[in-house]
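Enquirer: Take this structure first; my questions come after.
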Amino acid sequence: MFVISIWVLAAVLLTLSIIRDREKTAISLLAAWKFFGSMALPVLITLWAIGFLLTFLPPWLISRAVGQNSGWQGILLAALFGSIVLIQAFIAFPLAGSLLRQGASVSAIAAFVTTLVMVGVVTAPMEMKFFGKKFTFWRNFLSFIFAIIIALIMGALLG
Amino acid sequence: MKKIFTSRNLLLLLGLATIIVYVFNRQKAFSILLNSKAYLMEMLSVLPPILILIGLFQVWVPRKTVERAMGRASGLKGILMAIFVGTAAMGPLYAAFPLGLSLMEKGASLFNMAIFLCIWASIKIPMILFEVKFLGAEFAGLRLALTLPSIIVISYFLNSILKGRNPHEKTKLS
């Protein structure tokens, strides 16, 4: 249902775009193709790695580390992992989805996804150059705290 | 320093690892490939329309236009603009740093700039579509509903902590 609606939406907008301006539409498709080219390899690698993960990482290990009973330690672990690694969201979501299906808790996955996009340890030096140390520290610190709060609420409501 | 973890090397490594697994245990190798294939299919079922949407957005709503409008907008309008602008690119957080700075130079408040930065980082329509696909609509919807007010509170705190300072000038001094 969801998949069909995205296809319909894209088709409708694409048709409108073609009617309005053929040239612009061609440029937009080229941009989409370029973007696909830049992400194809990383995506393929991630999906292949997920294959390994699902085959060799036993569900009990995942659920012990970040599962329902891992408590605050699991959430913290997931949040720290999300803060440190630098992966694009479109790669992270399949990965997070596979972990969730293998026994990770809702709150751990929420903590991981939220810190992944909001907290950046690796990019902090760059952020400091633009906005200063104090801004960088507080923005990342507050984002981390709120990611934990969001994770706890989501765990309570969906877990 | 030479890069070891290039995409090509990682791909070779995965290929090699799969062959090694195949030699020792065929079943496991098939399991790896079948699991990957299942995820590849899921990915391909949503990727083309999302790519088309990203492409269309880039052409019809140029970043410059929105950026200019955002410099003037404030409050709710600014927030909506920020969500809209973030939709244009799938870029990571650091792609937004120069943009945030230029917003402040155009007179946006620190509060607005922080909101823009956080929203750019965390809320993007293509990203939400991926999240719905792989983590479910409930998960994605609830996370979005919680993230938005969090961002406003975070930005409010940031604004009061750093009150009276222009973060850009501060870096120039240090």
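Order determines the names: the first chain of the structure tokens is A, the second B, and so forth; residues in each chain are numbered 1 upward, and ligands are numbered 1 upward as they are shown.
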Once you count only C-alpha atoms, what closest atom pair and distance in Å to one decimal does each residue of stretch 76-114 of chain A within 10 Å of stretch 52-72 of chain A have, with rows by chain and rising residue number, as CSV?
Expert:
```
residue,atom,partner,partner_atom,distance
A:Leu76,CA,A:Trp72,CA,6.0
A:Leu77,CA,A:Val66,CA,7.5
A:Ala78,CA,A:Val66,CA,7.0
A:Leu95,CA,A:Leu53,CA,9.4
A:Ser98,CA,A:Leu54,CA,7.7
A:Leu99,CA,A:Ile62,CA,7.3
A:Leu100,CA,A:Gly67,CA,8.7
A:Arg101,CA,A:Pro59,CA,9.0
A:Gln102,CA,A:Pro59,CA,5.3
A:Gly103,CA,A:Ser63,CA,4.9
A:Ala104,CA,A:Gly67,CA,4.2
A:Ser105,CA,A:Gly67,CA,4.5
A:Val106,CA,A:Gln68,CA,8.0
A:Ser107,CA,A:Gln68,CA,8.5
A:Ala108,CA,A:Val66,CA,6.0
A:Ile109,CA,A:Val66,CA,8.2
```
Enquirer: Select residues of chain B: the criterion is any atom within 7 Å of an atom of chain A, counting only C-alpha atoms; output as a ChimeraX atom specification.
Expert: /B:7,11,28,31-33,35-36,39-40,45-46,49,51-56,58-59,92,94,97,101,118,121-122,127,130-131,134-135,146,150,154,158,167-168,170-171
Enquirer: Save out the residues we just selected, C-alpha atoms, as a PDB file, in the first residue's frame.
Expert:
```pdb
ATOM      1  CA  SER B   7      33.781   0.884  -1.640  1.00  0.00           C
ATOM      2  CA  LEU B  11      32.921  -5.123  -2.091  1.00  0.00           C
ATOM      3  CA  LYS B  28      25.338 -20.510   5.033  1.00  0.00           C
ATOM      4  CA  SER B  31      21.593 -17.859   3.407  1.00  0.00           C
ATOM      5  CA  ILE B  32      23.816 -14.774   3.153  1.00  0.00           C
ATOM      6  CA  LEU B  33      22.862 -14.176  -0.456  1.00  0.00           C
ATOM      7  CA  ASN B  35      19.000 -12.470   3.030  1.00  0.00           C
ATOM      8  CA  SER B  36      20.798  -9.790   1.037  1.00  0.00           C
ATOM      9  CA  TYR B  39      16.678  -6.571   1.429  1.00  0.00           C
ATOM     10  CA  LEU B  40      17.773  -5.590  -2.059  1.00  0.00           C
ATOM     11  CA  SER B  45      10.698  -1.425  -4.455  1.00  0.00           C
ATOM     12  CA  VAL B  46      10.905   2.128  -3.086  1.00  0.00           C
ATOM     13  CA  PRO B  49      10.149   6.741  -7.017  1.00  0.00           C
ATOM     14  CA  LEU B  51      14.972   9.141  -6.521  1.00  0.00           C
ATOM     15  CA  ILE B  52      12.508  10.669  -8.972  1.00  0.00           C
ATOM     16  CA  LEU B  53      11.011  12.798  -6.190  1.00  0.00           C
ATOM     17  CA  ILE B  54      14.464  14.002  -5.080  1.00  0.00           C
ATOM     18  CA  GLY B  55      15.374  14.873  -8.662  1.00  0.00           C
ATOM     19  CA  LEU B  56      12.125  16.744  -9.290  1.00  0.00           C
ATOM     20  CA  GLN B  58      16.038  19.738  -6.926  1.00  0.00           C
ATOM     21  CA  VAL B  59      14.956  21.149 -10.260  1.00  0.00           C
ATOM     22  CA  PRO B  92      24.401  14.587   5.807  1.00  0.00           C
ATOM     23  CA  TYR B  94      27.764  18.686   7.769  1.00  0.00           C
ATOM     24  CA  PHE B  97      26.858  23.922   8.241  1.00  0.00           C
ATOM     25  CA  LEU B 101      26.113  30.143   8.658  1.00  0.00           C
ATOM     26  CA  CYS B 118      18.536  20.206  13.521  1.00  0.00           C
ATOM     27  CA  ALA B 121      19.823  16.789  10.022  1.00  0.00           C
ATOM     28  CA  SER B 122      16.855  14.788  11.141  1.00  0.00           C
ATOM     29  CA  MET B 127      14.333   9.771   4.682  1.00  0.00           C
ATOM     30  CA  PHE B 130      12.716   4.995   3.869  1.00  0.00           C
ATOM     31  CA  GLU B 131      11.978   4.885   7.574  1.00  0.00           C
ATOM     32  CA  PHE B 134      11.984  -0.396   6.836  1.00  0.00           C
ATOM     33  CA  LEU B 135      10.817   0.425  10.367  1.00  0.00           C
ATOM     34  CA  LEU B 146       8.610  13.474  19.058  1.00  0.00           C
ATOM     35  CA  SER B 150      12.474  18.190  20.767  1.00  0.00           C
ATOM     36  CA  ILE B 154      16.867  22.112  21.969  1.00  0.00           C
ATOM     37  CA  LEU B 158      20.833  26.731  22.705  1.00  0.00           C
ATOM     38  CA  PRO B 167      28.850  31.978  17.207  1.00  0.00           C
ATOM     39  CA  HIS B 168      30.512  32.859  13.949  1.00  0.00           C
ATOM     40  CA  LYS B 170      33.373  33.823  18.329  1.00  0.00           C
ATOM     41  CA  THR B 171      35.241  31.424  16.096  1.00  0.00           C
TER      42      THR B 171
END
```
